[in-house]
file structure.tsv (TSV, C-alpha atoms and all ligand atoms)
chain	number	residue	atom	x	y	z
A	1	MET	CA	-80.94	73.96	79.60
A	2	GLU	CA	-83.14	74.85	76.64
A	3	LYS	CA	-86.49	76.30	77.60
A	4	SER	CA	-88.47	74.30	75.05
A	5	ILE	CA	-86.98	70.94	76.07
A	6	LEU	CA	-89.72	70.44	78.63
A	7	ARG	CA	-92.40	70.49	75.97
A	8	VAL	CA	-91.08	67.95	73.49
A	9	LYS	CA	-90.35	64.23	73.56
A	10	LEU	CA	-86.74	63.54	72.65
A	11	PRO	CA	-85.18	62.92	70.28
A	12	VAL	CA	-87.40	64.97	67.97
A	13	TYR	CA	-88.06	63.02	64.77
A	14	LEU	CA	-87.22	65.14	61.72
A	15	ASP	CA	-86.43	62.40	59.23
A	16	ASN	CA	-89.81	61.94	57.58
A	17	SER	CA	-88.25	61.70	54.11
A	18	ALA	CA	-86.65	58.43	55.25
A	19	THR	CA	-89.85	57.06	56.68
A	20	THR	CA	-92.93	58.29	58.52
A	21	PRO	CA	-94.66	56.94	61.59
A	22	CYS	CA	-97.86	55.04	60.87
A	23	ASP	CA	-100.84	57.25	61.60
A	24	PRO	CA	-102.74	55.61	64.52
A	25	ARG	CA	-105.87	55.66	62.36
A	26	VAL	CA	-103.99	53.60	59.78
A	27	VAL	CA	-102.96	51.04	62.40
A	28	GLU	CA	-106.55	50.81	63.60
A	29	ALA	CA	-107.79	50.13	60.08
A	30	MET	CA	-105.16	47.40	59.60
A	31	LEU	CA	-105.65	45.47	62.85
A	32	PRO	CA	-108.66	43.32	61.85
A	33	TYR	CA	-106.73	42.05	58.82
A	34	PHE	CA	-104.09	40.22	60.82
A	35	SER	CA	-105.98	37.64	62.88
A	36	LEU	CA	-109.66	38.13	62.17
A	37	ASN	CA	-110.05	38.79	58.45
A	38	PHE	CA	-106.81	37.07	57.56
A	39	GLY	CA	-107.94	35.51	54.28
A	40	ASN	CA	-106.04	35.38	51.02
A	41	PRO	CA	-107.76	37.55	48.43
A	42	ALA	CA	-106.91	34.91	45.84
A	43	SER	CA	-109.10	32.34	47.65
A	44	ARG	CA	-112.18	32.23	45.47
A	45	PHE	CA	-114.49	29.88	47.36
A	46	HIS	CA	-114.99	31.16	50.90
A	47	LEU	CA	-115.87	34.18	52.95
A	48	TYR	CA	-112.32	34.71	54.24
A	49	GLY	CA	-111.05	35.19	50.72
A	50	TRP	CA	-113.97	37.37	49.72
A	51	GLU	CA	-113.53	39.68	52.70
A	52	ALA	CA	-109.85	40.09	51.97
A	53	GLU	CA	-110.55	40.75	48.31
A	54	GLU	CA	-113.12	43.39	49.21
A	55	ALA	CA	-110.63	45.10	51.52
A	56	VAL	CA	-108.02	45.16	48.77
A	57	ASP	CA	-110.55	46.48	46.24
A	58	ASN	CA	-111.51	49.24	48.65
A	59	ALA	CA	-107.88	50.24	49.23
A	60	ARG	CA	-107.28	50.26	45.48
A	61	ILE	CA	-110.13	52.76	45.14
A	62	GLN	CA	-108.79	54.96	47.97
A	63	ILE	CA	-105.31	55.02	46.44
A	64	ALA	CA	-106.59	55.62	42.91
A	65	LEU	CA	-108.65	58.59	44.16
A	66	LEU	CA	-105.59	60.21	45.70
A	67	ILE	CA	-103.76	60.33	42.35
A	68	GLY	CA	-106.66	60.70	39.93
A	69	ALA	CA	-106.29	57.17	38.58
A	70	LYS	CA	-108.72	54.29	37.97
A	71	PRO	CA	-108.53	51.47	40.51
A	72	ALA	CA	-107.58	48.98	37.79
A	73	GLU	CA	-104.47	51.06	37.05
A	74	ILE	CA	-102.94	50.34	40.48
A	75	VAL	CA	-100.58	47.37	40.95
A	76	PHE	CA	-99.55	46.57	44.52
A	77	THR	CA	-95.90	45.85	45.24
A	78	SER	CA	-93.60	45.62	48.26
A	79	GLY	CA	-92.62	49.30	48.08
A	80	ALA	CA	-91.30	52.01	45.82
A	81	THR	CA	-88.01	50.22	45.15
A	82	GLU	CA	-89.91	47.33	43.62
A	83	SER	CA	-92.29	49.67	41.79
A	84	CYS	CA	-89.36	51.58	40.25
A	85	ASN	CA	-87.72	48.34	39.16
A	86	LEU	CA	-90.95	46.99	37.71
A	87	ALA	CA	-91.64	50.22	35.83
A	88	VAL	CA	-88.15	50.75	34.44
A	89	LYS	CA	-87.12	47.17	33.70
A	90	GLY	CA	-90.64	46.01	32.93
A	91	ALA	CA	-91.35	48.76	30.41
A	92	VAL	CA	-87.95	48.68	28.73
A	93	LYS	CA	-87.85	44.89	28.43
A	94	ALA	CA	-91.35	44.82	26.99
A	95	GLY	CA	-90.38	47.47	24.45
A	96	THR	CA	-89.73	46.39	20.89
A	97	GLY	CA	-86.86	47.45	18.72
A	98	HIS	CA	-83.29	46.35	18.40
A	99	GLN	CA	-81.70	49.28	20.20
A	100	LYS	CA	-83.39	50.81	23.26
A	101	HIS	CA	-82.57	54.17	24.76
A	102	ILE	CA	-83.54	55.46	28.23
A	103	ILE	CA	-83.41	59.03	29.49
A	104	THR	CA	-83.10	59.66	33.19
A	105	ILE	CA	-81.99	62.39	35.59
A	106	ALA	CA	-78.74	62.43	37.56
A	107	THR	CA	-80.55	63.07	40.86
A	108	GLU	CA	-82.94	60.09	40.74
A	109	HIS	CA	-83.21	57.71	43.67
A	110	LYS	CA	-80.88	54.71	43.50
A	111	ALA	CA	-83.89	52.46	42.90
A	112	VAL	CA	-84.18	54.09	39.48
A	113	LEU	CA	-80.50	54.77	38.75
A	114	GLU	CA	-79.45	51.20	39.56
A	115	ALA	CA	-82.34	49.70	37.60
A	116	VAL	CA	-81.24	51.82	34.63
A	117	ARG	CA	-77.63	50.77	35.20
A	118	ASP	CA	-78.67	47.09	35.08
A	119	LEU	CA	-80.36	47.72	31.74
A	120	LYS	CA	-77.28	49.50	30.46
A	121	GLN	CA	-75.22	46.44	31.27
A	122	GLU	CA	-77.67	44.44	29.20
A	123	GLY	CA	-77.04	46.69	26.21
A	124	CYS	CA	-79.49	49.59	26.54
A	125	GLU	CA	-78.29	53.10	25.83
A	126	VAL	CA	-78.72	55.65	28.60
A	127	THR	CA	-78.67	59.44	28.72
A	128	GLU	CA	-78.39	60.90	32.19
A	129	ILE	CA	-79.58	64.51	32.25
A	130	GLY	CA	-77.78	66.80	34.69
A	131	VAL	CA	-79.33	69.43	36.94
A	132	ASN	CA	-78.52	73.05	37.68
A	133	GLY	CA	-77.34	74.39	41.03
A	134	ARG	CA	-80.93	74.43	42.27
A	135	GLY	CA	-81.45	70.76	41.45
A	136	MET	CA	-83.58	71.38	38.34
A	137	PRO	CA	-83.10	69.58	35.03
A	138	ASP	CA	-83.63	71.60	31.85
A	139	PRO	CA	-86.61	70.22	29.89
A	140	ALA	CA	-85.04	71.49	26.66
A	141	GLU	CA	-82.07	69.22	27.30
A	142	ILE	CA	-84.41	66.28	27.79
A	143	GLU	CA	-86.17	67.10	24.54
A	144	GLN	CA	-82.86	67.21	22.66
A	145	ALA	CA	-81.88	63.85	24.10
A	146	VAL	CA	-84.91	62.03	22.68
A	147	ARG	CA	-84.01	59.67	19.83
A	148	PRO	CA	-86.12	57.38	17.65
A	149	SER	CA	-84.96	54.51	19.89
A	150	THR	CA	-85.98	56.20	23.16
A	151	VAL	CA	-88.45	53.98	25.01
A	152	LEU	CA	-88.62	55.62	28.43
A	153	ILE	CA	-88.06	58.92	30.21
A	154	ALA	CA	-87.67	58.44	33.97
A	155	ALA	CA	-87.86	61.64	36.04
A	156	MET	CA	-88.78	61.77	39.69
A	157	TYR	CA	-91.57	64.00	40.95
A	158	ALA	CA	-89.76	65.40	44.00
A	159	ASN	CA	-86.24	64.72	45.17
A	160	ASN	CA	-85.77	62.79	48.40
A	161	GLU	CA	-82.65	64.69	49.51
A	162	THR	CA	-83.52	68.27	48.70
A	163	GLY	CA	-87.31	68.25	48.28
A	164	VAL	CA	-86.94	69.90	44.86
A	165	ILE	CA	-90.07	69.43	42.74
A	166	LEU	CA	-89.14	68.69	39.13
A	167	PRO	CA	-90.93	70.20	36.08
A	168	VAL	CA	-92.93	67.00	35.68
A	169	ARG	CA	-95.63	68.39	33.38
A	170	GLU	CA	-93.11	69.82	30.94
A	171	ILE	CA	-91.23	66.54	30.85
A	172	ALA	CA	-94.48	64.61	30.43
A	173	HIS	CA	-95.42	66.83	27.52
A	174	ILE	CA	-92.13	66.11	25.76
A	175	ALA	CA	-92.66	62.39	26.30
A	176	LYS	CA	-96.18	62.55	24.92
A	177	VAL	CA	-95.27	64.53	21.82
A	178	ARG	CA	-92.37	62.19	21.06
A	179	ASN	CA	-94.42	59.08	21.81
A	180	VAL	CA	-92.14	57.94	24.63
A	181	LEU	CA	-93.30	56.44	27.95
A	182	PHE	CA	-92.97	58.70	30.96
A	183	PHE	CA	-92.24	57.15	34.35
A	184	SER	CA	-92.09	59.22	37.54
A	185	ASP	CA	-90.89	58.08	40.94
A	186	ALA	CA	-93.35	60.13	42.99
A	187	THR	CA	-92.54	58.53	46.33
A	188	GLN	CA	-91.80	61.84	48.06
A	189	ALA	CA	-94.68	63.74	46.50
A	190	VAL	CA	-97.76	61.52	46.68
A	191	GLY	CA	-99.81	62.32	49.76
A	192	LYS	CA	-97.84	65.53	50.43
A	193	ILE	CA	-98.66	67.73	47.43
A	194	PRO	CA	-101.38	67.33	44.79
A	195	VAL	CA	-100.37	64.68	42.26
A	196	ASP	CA	-102.74	63.80	39.44
A	197	VAL	CA	-101.60	61.32	36.83
A	198	ASN	CA	-103.87	62.89	34.19
A	199	THR	CA	-103.12	66.58	34.65
A	200	ASP	CA	-99.47	65.70	35.18
A	201	GLY	CA	-99.39	63.40	32.15
A	202	ILE	CA	-97.74	60.43	33.84
A	203	ASP	CA	-97.81	56.94	32.27
A	204	LEU	CA	-96.13	55.01	35.08
A	205	MET	CA	-95.70	56.16	38.67
A	206	ALA	CA	-94.11	54.61	41.76
A	207	PHE	CA	-94.98	55.43	45.36
A	208	THR	CA	-94.97	53.79	48.77
A	209	ALA	CA	-97.09	53.71	51.94
A	210	HIS	CA	-94.37	54.25	54.53
A	211	LYS	CA	-93.49	57.73	53.27
A	212	MET	CA	-97.10	58.86	53.71
A	213	PHE	CA	-97.95	57.70	57.23
A	214	GLY	CA	-98.76	54.15	56.18
A	215	PRO	CA	-96.94	50.87	56.90
A	216	LYS	CA	-93.59	49.74	55.52
A	217	GLY	CA	-93.32	47.03	52.89
A	218	VAL	CA	-96.20	48.02	50.63
A	219	GLY	CA	-96.09	50.19	47.55
A	220	ALA	CA	-97.86	50.75	44.28
A	221	LEU	CA	-97.12	51.15	40.62
A	222	TYR	CA	-99.60	53.18	38.63
A	223	ILE	CA	-99.85	51.95	35.03
A	224	ARG	CA	-101.93	54.08	32.67
A	225	SER	CA	-104.59	52.05	30.86
A	226	LYS	CA	-104.60	52.90	27.19
A	227	THR	CA	-104.88	51.33	23.78
A	228	PRO	CA	-102.66	49.68	22.91
A	229	PRO	CA	-101.85	48.81	26.54
A	230	ILE	CA	-98.47	49.74	27.98
A	231	GLY	CA	-96.36	46.60	27.87
A	232	ILE	CA	-94.76	45.70	31.19
A	233	ARG	CA	-92.66	42.56	31.53
A	234	PRO	CA	-93.29	41.10	35.03
A	235	GLN	CA	-90.18	40.86	37.17
A	236	LEU	CA	-91.43	38.03	39.40
A	237	SER	CA	-92.67	34.65	38.19
A	238	GLY	CA	-95.46	32.98	40.12
A	239	GLY	CA	-99.18	32.79	40.62
A	240	HIS	CA	-100.19	35.67	38.34
A	241	HIS	CA	-101.54	38.00	40.99
A	242	GLU	CA	-102.19	41.63	40.08
A	243	ARG	CA	-103.17	40.70	36.52
A	244	GLY	CA	-99.94	38.80	36.10
A	245	LEU	CA	-97.81	41.88	36.65
A	246	ARG	CA	-96.75	41.13	40.20
A	247	SER	CA	-97.02	37.60	41.51
A	248	GLY	CA	-97.14	36.93	45.23
A	249	THR	CA	-99.88	36.83	47.87
A	250	LEU	CA	-101.02	40.36	48.58
A	251	ASN	CA	-100.00	42.02	51.83
A	252	VAL	CA	-103.62	42.59	52.85
A	253	PRO	CA	-103.09	44.44	56.17
A	254	GLY	CA	-100.43	46.58	54.52
A	255	ILE	CA	-102.66	47.36	51.56
A	256	VAL	CA	-105.57	48.24	53.86
A	257	GLY	CA	-103.24	50.59	55.76
A	258	PHE	CA	-101.98	52.07	52.50
A	259	GLY	CA	-105.58	52.74	51.45
A	260	LYS	CA	-106.41	54.39	54.75
A	261	ALA	CA	-103.23	56.48	54.55
A	262	ALA	CA	-104.24	57.60	51.05
A	263	SER	CA	-107.70	58.64	52.14
A	264	LEU	CA	-106.29	60.55	55.14
A	265	ALA	CA	-103.76	62.26	52.87
A	266	ARG	CA	-106.53	63.29	50.52
A	267	ASP	CA	-108.43	64.94	53.38
A	268	GLU	CA	-105.51	66.44	55.30
A	269	MET	CA	-102.70	67.08	52.82
A	270	LYS	CA	-103.61	70.70	52.19
A	271	THR	CA	-103.82	71.82	55.82
A	272	ASP	CA	-100.74	69.76	56.74
A	273	ALA	CA	-98.75	71.33	53.91
A	274	GLU	CA	-99.69	74.89	54.86
A	275	ARG	CA	-98.72	74.36	58.48
A	276	LEU	CA	-95.45	72.58	57.65
A	277	LEU	CA	-94.47	75.23	55.12
A	278	ALA	CA	-94.88	77.97	57.74
A	279	GLN	CA	-92.75	75.91	60.14
A	280	ARG	CA	-90.19	75.22	57.43
A	281	ILE	CA	-89.78	78.91	56.63
A	282	LYS	CA	-89.38	79.73	60.30
A	283	LEU	CA	-86.73	77.04	60.74
A	284	GLU	CA	-84.85	78.07	57.60
A	285	ASN	CA	-84.86	81.74	58.54
A	286	SER	CA	-83.47	80.87	61.93
A	287	LEU	CA	-80.68	78.70	60.46
A	288	LEU	CA	-79.83	81.30	57.81
A	289	GLU	CA	-79.16	83.87	60.52
A	290	LEU	CA	-75.82	82.11	61.01
A	291	PRO	CA	-73.01	82.96	58.59
A	292	LEU	CA	-72.03	80.45	55.88
A	293	VAL	CA	-75.20	78.40	56.02
A	294	PHE	CA	-76.60	77.56	52.59
A	295	LEU	CA	-80.04	76.35	51.59
A	296	ASN	CA	-79.95	73.63	48.93
A	297	GLY	CA	-82.47	73.20	46.16
A	298	ASP	CA	-84.83	75.48	44.30
A	299	PRO	CA	-86.30	77.97	46.78
A	300	GLN	CA	-89.68	78.02	44.99
A	301	SER	CA	-90.22	74.57	43.57
A	302	ARG	CA	-89.73	72.59	46.76
A	303	LEU	CA	-91.78	70.31	49.02
A	304	PRO	CA	-93.35	72.20	51.93
A	305	HIS	CA	-91.82	69.98	54.61
A	306	VAL	CA	-88.20	69.41	53.49
A	307	THR	CA	-85.12	71.52	54.22
A	308	SER	CA	-81.62	70.73	53.01
A	309	ILE	CA	-78.83	72.94	54.31
A	310	SER	CA	-75.08	72.92	54.07
A	311	VAL	CA	-73.22	74.34	57.04
A	312	SER	CA	-69.68	75.41	56.26
A	313	ASP	CA	-67.01	73.94	58.59
A	314	VAL	CA	-69.44	71.64	60.39
A	315	GLY	CA	-69.24	67.95	59.42
A	316	SER	CA	-72.79	66.65	59.35
A	317	GLU	CA	-71.92	63.26	60.86
A	318	GLN	CA	-70.19	64.91	63.77
A	319	LEU	CA	-73.12	67.26	64.27
A	320	LEU	CA	-75.77	64.54	64.02
A	321	LEU	CA	-74.06	62.17	66.39
A	322	TYR	CA	-73.46	64.99	68.84
A	323	LEU	CA	-77.16	65.85	68.65
A	324	SER	CA	-78.51	62.31	68.46
A	325	SER	CA	-80.10	62.40	71.92
A	326	LYS	CA	-82.05	65.49	70.90
A	327	LEU	CA	-82.69	65.43	67.16
A	328	ALA	CA	-83.22	62.58	64.69
A	329	LEU	CA	-82.40	63.80	61.22
A	330	SER	CA	-80.12	62.78	58.42
A	331	SER	CA	-77.21	63.91	56.33
A	332	GLY	CA	-78.42	63.94	52.73
A	333	ALA	CA	-80.39	60.78	52.06
A	334	ALA	CA	-80.86	57.99	54.57
A	335	CYS	CA	-79.56	55.42	52.11
A	336	SER	CA	-76.40	57.15	50.92
A	337	SER	CA	-75.48	58.24	54.43
A	338	ALA	CA	-74.95	54.55	55.25
A	339	THR	CA	-72.18	54.32	52.66
A	340	HIS	CA	-70.30	57.53	53.63
A	341	GLU	CA	-70.07	58.39	49.95
A	342	PRO	CA	-70.86	61.98	49.09
A	343	SER	CA	-74.43	62.36	47.91
A	344	HIS	CA	-74.85	61.91	44.15
A	345	VAL	CA	-77.68	64.46	44.32
A	346	LEU	CA	-75.60	67.24	45.88
A	347	THR	CA	-72.66	66.35	43.64
A	348	ALA	CA	-74.87	66.64	40.54
A	349	MET	CA	-76.02	70.07	41.78
A	350	GLY	CA	-72.41	71.19	41.86
A	351	ILE	CA	-72.33	71.78	45.61
A	352	PRO	CA	-68.65	72.57	46.44
A	353	ALA	CA	-66.69	69.53	47.63
A	354	GLY	CA	-66.03	71.19	50.97
A	355	LEU	CA	-69.74	71.32	51.73
A	356	LEU	CA	-70.71	67.81	50.62
A	357	HIS	CA	-70.11	66.35	54.07
A	358	CYS	CA	-71.66	69.34	55.78
A	359	THR	CA	-75.23	68.83	54.66
A	360	LEU	CA	-78.32	68.15	56.75
A	361	ARG	CA	-81.79	67.14	55.67
A	362	ILE	CA	-84.56	68.19	58.00
A	363	SER	CA	-87.84	66.61	56.94
A	364	GLN	CA	-91.05	67.27	58.84
A	365	GLY	CA	-94.23	65.24	58.82
A	366	ARG	CA	-97.87	65.28	59.86
A	367	PHE	CA	-96.95	64.97	63.52
A	368	THR	CA	-94.23	67.62	63.60
A	369	THR	CA	-95.28	70.44	65.90
A	370	ARG	CA	-94.31	74.07	66.12
A	371	ASP	CA	-92.68	73.40	69.49
A	372	GLN	CA	-90.54	70.70	67.95
A	373	ILE	CA	-89.41	73.04	65.17
A	374	ASP	CA	-88.64	75.84	67.62
A	375	TYR	CA	-86.65	73.38	69.68
A	376	ALA	CA	-84.78	72.05	66.62
A	377	ALA	CA	-83.90	75.56	65.46
A	378	GLU	CA	-82.54	76.45	68.90
A	379	ILE	CA	-80.53	73.23	69.27
A	380	LEU	CA	-79.09	73.35	65.75
A	381	ASN	CA	-78.00	76.97	66.04
A	382	LYS	CA	-76.28	76.37	69.35
A	383	ALA	CA	-74.57	73.21	68.15
A	384	ILE	CA	-73.31	74.84	64.95
A	385	ILE	CA	-71.85	77.77	66.88
A	386	LYS	CA	-70.28	75.43	69.41
A	387	ILE	CA	-68.72	73.07	66.88
A	388	ARG	CA	-67.40	75.97	64.83
A	389	LYS	CA	-65.84	77.54	67.90
A	390	GLU	CA	-64.19	74.30	68.93
A	391	THR	CA	-62.83	73.44	65.51
A	392	SER	CA	-61.39	76.90	64.98
A	393	VAL	CA	-59.03	76.68	67.98
A	394	PRO	CA	-55.63	74.96	67.65
A	395	SER	CA	-56.11	71.19	67.65
A	396	SER	CA	-53.97	70.69	70.81
A	397	THR	CA	-56.45	72.66	72.88
A	398	ARG	CA	-59.60	71.34	71.15
A	399	LEU	CA	-62.30	69.87	73.33
A	400	GLN	CA	-62.40	66.09	73.29
A	401	PRO	CA	-65.60	64.42	72.02
A	402	SER	CA	-66.32	63.26	75.59
A	403	SER	CA	-66.72	66.84	76.71
A	404	PHE	CA	-69.65	67.39	74.34
B	1	LIG	C1	-87.95	56.02	49.85
B	1	LIG	C2	-87.83	56.18	48.38
B	1	LIG	C3	-87.81	55.07	47.53
B	1	LIG	C4	-87.82	53.66	48.06
B	1	LIG	O1	-89.05	53.33	48.66
B	1	LIG	P1	-89.22	51.97	49.48
B	1	LIG	O2	-90.70	51.83	49.63
B	1	LIG	O3	-88.52	52.19	50.77
B	1	LIG	O4	-88.64	50.88	48.66
B	1	LIG	C5	-87.74	55.30	46.17
B	1	LIG	N1	-87.71	56.53	45.67
B	1	LIG	C6	-87.73	57.62	46.45
B	1	LIG	C7	-87.70	58.99	45.84
B	1	LIG	C8	-87.79	57.48	47.83
B	1	LIG	O5	-87.79	58.56	48.60
call {"tool": "encode", "arguments": {"input": "structure.tsv", "output": "structure tokens", "more": "lines below"}}
Ligand SMILES: *Cc1c(COP(=O)(O)O)cnc(C)c1O
result
Amino acid sequence: MEKSILRVKLPVYLDNSATTPCDPRVVEAMLPYFSLNFGNPASRFHLYGWEAEEAVDNARIQIALLIGAKPAEIVFTSGATESCNLAVKGAVKAGTGHQKHIITIATEHKAVLEAVRDLKQEGCEVTEIGVNGRGMPDPAEIEQAVRPSTVLIAAMYANNETGVILPVREIAHIAKVRNVLFFSDATQAVGKIPVDVNTDGIDLMAFTAHKMFGPKGVGALYIRSKTPPIGIRPQLSGGHHERGLRSGTLNVPGIVGFGKAASLARDEMKTDAERLLAQRIKLENSLLELPLVFLNGDPQSRLPHVTSISVSDVGSEQLLLYLSSKLALSSGAACSSATHEPSHVLTAMGIPAGLLHCTLRISQGRFTTRDQIDYAAEILNKAIIKIRKETSVPSSTRLQPSSF
């Protein structure tokens, strides 16, 4: 039995890019807003409403501080999927002009790609920019793609499958010079690495609480305030909450938790990132000791806590199910692994077809310890060697799954 097994609770959670646990301090901050201070912030004439409104205002400040925004530039939503839809559809539909053109990147999250696809079906023109083998788009290609009819450039901040950090500032600069709106899905970056909407030059930005140790079901869209204001067509009709941009009673406990998560991230992001990067390097070095193991994504421009590897001759589903009592991680992205389709991100990077189903994403978080990473490295190495050995013998003598 593995030596380190005694020290860690199993299975070890290494799927923080799919979602993170709520920090206990976040839960504590949220609790009063369920049964005690349960008011609707839209209630104007009593203390319950006022208390709820104050809590939401406070969270808006905490979140704005994390990204260098003004509180009034934050619109609360149900999560990053909704924020991406509101940004992309809202901005494009509010845009004037007969023909509208959108530029996006092939490795975007489906929340962006499908929103763009919907607009294409409604007659918009779309340019999808490819990426190189390291997952990076070429800003020069983006620049060449801009047309007089371009209304929006949508480029994510950091990729959810590989952790690759895109050249956001260069893309933002192109957008600014050409007078085009720049939207970034920063769901994987906010709260993990420094993101500042002003230094980064972002006009619209989506992010979500549950990827940064906050609760699920609450997100934000940053909308730069400028003159003339950025036009955003609301995607929900209703009671005109959030300055008419997003109707629906606010998720007050969720928003309070999101605010707390933002303020914790502001304080702890730097030390967390340093620690997780050291652990990531250790884990990657250990995995790369095996032959035919490949690291995906740019080795420099990458999130400190995310590893994507392809392991030749080892199907990731087989490996993950075999390890499921010990390790909780994912093959590529959580969402695309449900469909069994090869990842559009890895495909766009030109990863050879034979490796597309042999890819693992190991994503650490604030609560990932050194012991857990040592354990994961040990378990993964053993499992890879074992599966390779078994699959290389003639099929008639292969071990049955039950003997795993
Ligand atoms: C998780 C994720 C989303 C979706 O966020 P939800 O809050 O779950 O809707 C969008 N974009 C990226 C890059 C993500 O990682």
call {"tool": "atom_distance", "arguments": {"input": "structure.tsv", "atom1": "CA of Leu323 (chain A)", "atom2": "CA of Arg388 (chain A)"}}
result
14.6 Å
call {"tool": "atom_distance", "arguments": {"input": "structure.tsv", "atom1": "CA of Ile105 (chain A)", "atom2": "CA of Ala353 (chain A)"}}
result
20.7 Å
call {"tool": "atom_distance", "arguments": {"input": "structure.tsv", "atom1": "CA of Glu114 (chain A)", "atom2": "atom O2 of ligand LIG 1 (chain B)"}}
result
15.1 Å
call {"tool": "closest_residue", "arguments": {"input": "structure.tsv", "among": "A:Gly191, A:Pro21, A:Pro342, A:Gly163", "to": "ligand LIG 1 (chain B)", "atoms": "all atoms listed in the file"}}
result
A:Gly163
call {"tool": "closest_residue", "arguments": {"input": "structure.tsv", "among": "A:Lys70, A:His98, A:Lys176, A:Lys211", "to": "ligand LIG 1 (chain B)", "atoms": "only C-alpha atoms and all ligand atoms"}}
result
A:Lys211
call {"tool": "residues_near_ligand", "arguments": {"input": "structure.tsv", "ligand": "ligand LIG 1 (chain B)", "cutoff": "10 Å", "atoms": "only C-alpha atoms and all ligand atoms", "output": "PyMOL selection string"}}
result
chain A and resi 16-19+77-85+107-112+156-161+163+184-189+206-211+215-220+333-335
call {"tool": "residues_around", "arguments": {"input": "structure.tsv", "residues": "Leu250 (chain A)", "least_positions_apart": "4", "cutoff": "10 Å", "atoms": "all atoms listed in the file", "output": "PyMOL selection string"}}
result
chain A and resi 40-42+52-53+56+76-78+218+241-242+246+254-255
call {"tool": "closest_residue", "arguments": {"input": "structure.tsv", "among": "A:Arg60, A:His357, A:His46, A:Lys192", "to": "Thr271 (chain A)", "atoms": "only C-alpha atoms"}}
result
A:Lys192
call {"tool": "residues_around", "arguments": {"input": "structure.tsv", "residues": "Leu292 (chain A)", "least_positions_apart": "4", "cutoff": "9 Å", "atoms": "all atoms listed in the file", "output": "list in words"}}
result
Leu288, Ser310, Val311, Ser312 and Asp313 of chain A
call {"tool": "closest_residue", "arguments": {"input": "structure.tsv", "among": "A:Leu356, A:Val180, A:Ile102, A:Ala261", "to": "Lys89 (chain A)", "atoms": "all atoms listed in the file"}}
result
A:Ile102
call {"tool": "closest_residue", "arguments": {"input": "structure.tsv", "among": "A:Val27, A:Ile165, A:Val256, A:Leu236", "to": "Ile61 (chain A)", "atoms": "all atoms listed in the file"}}
result
A:Val256
call {"tool": "closest_residue", "arguments": {"input": "structure.tsv", "among": "A:Arg134, A:Arg266, A:Arg370, A:Arg233", "to": "Leu86 (chain A)", "atoms": "all atoms listed in the file"}}
result
A:Arg233
call {"tool": "residues_near_point", "arguments": {"input": "structure.tsv", "point": "(-85.3, 72.3, 29.1)", "cutoff": "12 Å", "atoms": "all atoms listed in the file", "output": "list in words"}}
result
Ile129, Gly130, Val131, Asn132, Met136, Pro137, Asp138, Pro139, Ala140, Glu141, Ile142, Glu143, Gln144, Ala145, Leu166, Pro167, Val168, Arg169, Glu170, Ile171, His173 and Ile174 of chain A
call {"tool": "decode", "arguments": {"input": "structure.tsv", "residues": "region 92-99 of chain A", "atoms": "N, CA, C and O atoms", "output": "PDB file, in the first residue's frame"}}
result
ATOM      1  N   VAL A  92     -23.530  42.460 -28.858  1.00  0.00           N
ATOM      2  CA  VAL A  92     -23.691  42.382 -30.315  1.00  0.00           C
ATOM      3  C   VAL A  92     -25.085  42.858 -30.722  1.00  0.00           C
ATOM      4  O   VAL A  92     -25.248  43.629 -31.676  1.00  0.00           O
ATOM      5  N   LYS A  93     -26.103  42.458 -29.960  1.00  0.00           N
ATOM      6  CA  LYS A  93     -27.469  42.868 -30.323  1.00  0.00           C
ATOM      7  C   LYS A  93     -27.705  44.357 -30.115  1.00  0.00           C
ATOM      8  O   LYS A  93     -28.543  44.959 -30.782  1.00  0.00           O
ATOM      9  N   ALA A  94     -26.966  44.943 -29.172  1.00  0.00           N
ATOM     10  CA  ALA A  94     -27.118  46.388 -28.970  1.00  0.00           C
ATOM     11  C   ALA A  94     -26.328  47.178 -30.000  1.00  0.00           C
ATOM     12  O   ALA A  94     -26.554  48.372 -30.175  1.00  0.00           O
ATOM     13  N   GLY A  95     -25.404  46.508 -30.676  1.00  0.00           N
ATOM     14  CA  GLY A  95     -24.562  47.189 -31.664  1.00  0.00           C
ATOM     15  C   GLY A  95     -25.383  47.653 -32.868  1.00  0.00           C
ATOM     16  O   GLY A  95     -26.377  47.025 -33.223  1.00  0.00           O
ATOM     17  N   THR A  96     -24.950  48.777 -33.439  1.00  0.00           N
ATOM     18  CA  THR A  96     -25.667  49.276 -34.615  1.00  0.00           C
ATOM     19  C   THR A  96     -24.972  48.748 -35.866  1.00  0.00           C
ATOM     20  O   THR A  96     -23.931  48.106 -35.789  1.00  0.00           O
ATOM     21  N   GLY A  97     -25.528  49.033 -36.969  1.00  0.00           N
ATOM     22  CA  GLY A  97     -24.918  48.601 -38.236  1.00  0.00           C
ATOM     23  C   GLY A  97     -25.687  47.431 -38.818  1.00  0.00           C
ATOM     24  O   GLY A  97     -26.260  46.619 -38.095  1.00  0.00           O
ATOM     25  N   HIS A  98     -25.645  47.361 -40.116  1.00  0.00           N
ATOM     26  CA  HIS A  98     -26.419  46.353 -40.828  1.00  0.00           C
ATOM     27  C   HIS A  98     -25.755  44.990 -40.671  1.00  0.00           C
ATOM     28  O   HIS A  98     -26.381  44.015 -40.278  1.00  0.00           O
ATOM     29  N   GLN A  99     -24.448  44.967 -40.929  1.00  0.00           N
ATOM     30  CA  GLN A  99     -23.713  43.700 -40.816  1.00  0.00           C
ATOM     31  C   GLN A  99     -22.839  43.755 -39.559  1.00  0.00           C
ATOM     32  O   GLN A  99     -22.208  44.766 -39.291  1.00  0.00           O
TER      33      GLN A  99
END
